[in-house]
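Structure first, then comments.
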Amino acid sequence: MCARHILANWSKNWKGVEERKRFWACARSTFEAELRKNLDKLAQLGKDISNDLVNFNPNRWSKAQFRTSLKCDSVDNNMAESFNAWVLGARHKTIISMLEEIRKKVMNRFTKVITFVNSWTHDISPMAMLVLNTNVKKSMRVEISWNGDIGYEVKDSPYIHVVNLIQGTCTCRSWGLKGIPCAHAIAAIHHDEANLLESVCKWYKKETYLKAYKHFLQPVTNMKMWPKTLNPKVEPPPVRKMPGRPGKKRKKELGEVPSSGKLPKRGKTMSCSACKSKGHNIRTCPNKPPATSQGIATSQASASSKRSGKQKSHPTQAVQQSQSSEPSQAIVQSDNGNRKGANNAFKRPKVVGHGVFVSKDGFICAEQGRSISKVIKSGAQEKLISSAIVTGDLGYVPSKGLK
């Protein structure tokens, strides 16, 4: 049975990250003593939590109860799930179209995997070599004792395992389950100065791999070239139209994290930004200082600015606001280039397509490209500059100075 689906059913009553970790520790236990230890740790998380898990029959989902003759220690159904996702596009088509697309995909895959064998650096598959190299690193931390015959005693705290190289067994059962020597067996093989690659099961070797793909799928013509038959046509069953749009996405498990989008906050503990403690936020904080009218207005203004961000005012609104102010408060530039009226609250708007101009009486908008006259204030004097062209930048014009 698939351990992931066992977990989905069991976690309906026992939710939590720690419960999930303890479950996978039980599922990946390779011998009986390790399974009992992990079940005892699981029992510390709640009353009857381990009994509810044992009711699902560990013989079906725990490695400790698997047979060692199959050389497969997988506890989930990921192989079928991967194939399901691989043919997902073809599954929604009609029967013949679906089978034809799957046949082409399998035929192309056979060609790729046969080419993939040429990239192997050893006679063992790359995934088996990865597991073997990991176990070699683990074997450096164990202590080994030899009985002078064929038995090895390997201490891997808190357990002591017995390895028999003639029978190819270890009491941790990992070597028999997977077919790849475990860390205890590797330590014994190195002590015996034997070839490590010869201890790997034949199912991981290049010769066996090529046997699995030696039968090729032959090419087939399309449906238009198929011979006609006199047999009666196989009609499809009557279609009953169900209400609503048919769903294509699979049903999510309880507590399954989505692969994309915004992640849920389930399982996270909230924290207070005022007292920095867990279990509540600033709204329900018992140590929150009493709110004042000034503080409330300030917080509301800051919250409003955060939600809206910087909003640019429309040019016509800026013109109307500035018309109520005195023209002497406008920002002007004197002959020596110094800015005056820099403390004015009015900010000249940036406009496209029209020029906005300031006069002595207020503002006048002129269309782009029209010639105007510009008035520049310098102290008590006024200078008139004619034949200026409106380019969309801001300037100053008299109220009756347009030509």
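Naming works like this for the structure tokens: A, B, ... for the chains as they're shown, residue 1 at the start of each chain, ligands 1 onward in shown order.
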message: I'd like the contact shell of stretch 111-124 of chain A - 7 Å cut-off, only C-alpha atoms, skipping same-chain residues fewer than 2 positions apart - returned as a ChimeraX atom specification.
response: /A:107-109,126,128-129,204-206
task: Give the alpha helix (DSSP H) residues of stretch 81-316 of chain A, as DSSP finds them on the backbone, and put them as a PyMOL selection string.
output: chain A and resi 81-86+88-91+95-117+126-139+174-178+183-192+206-212+293-308+315-316
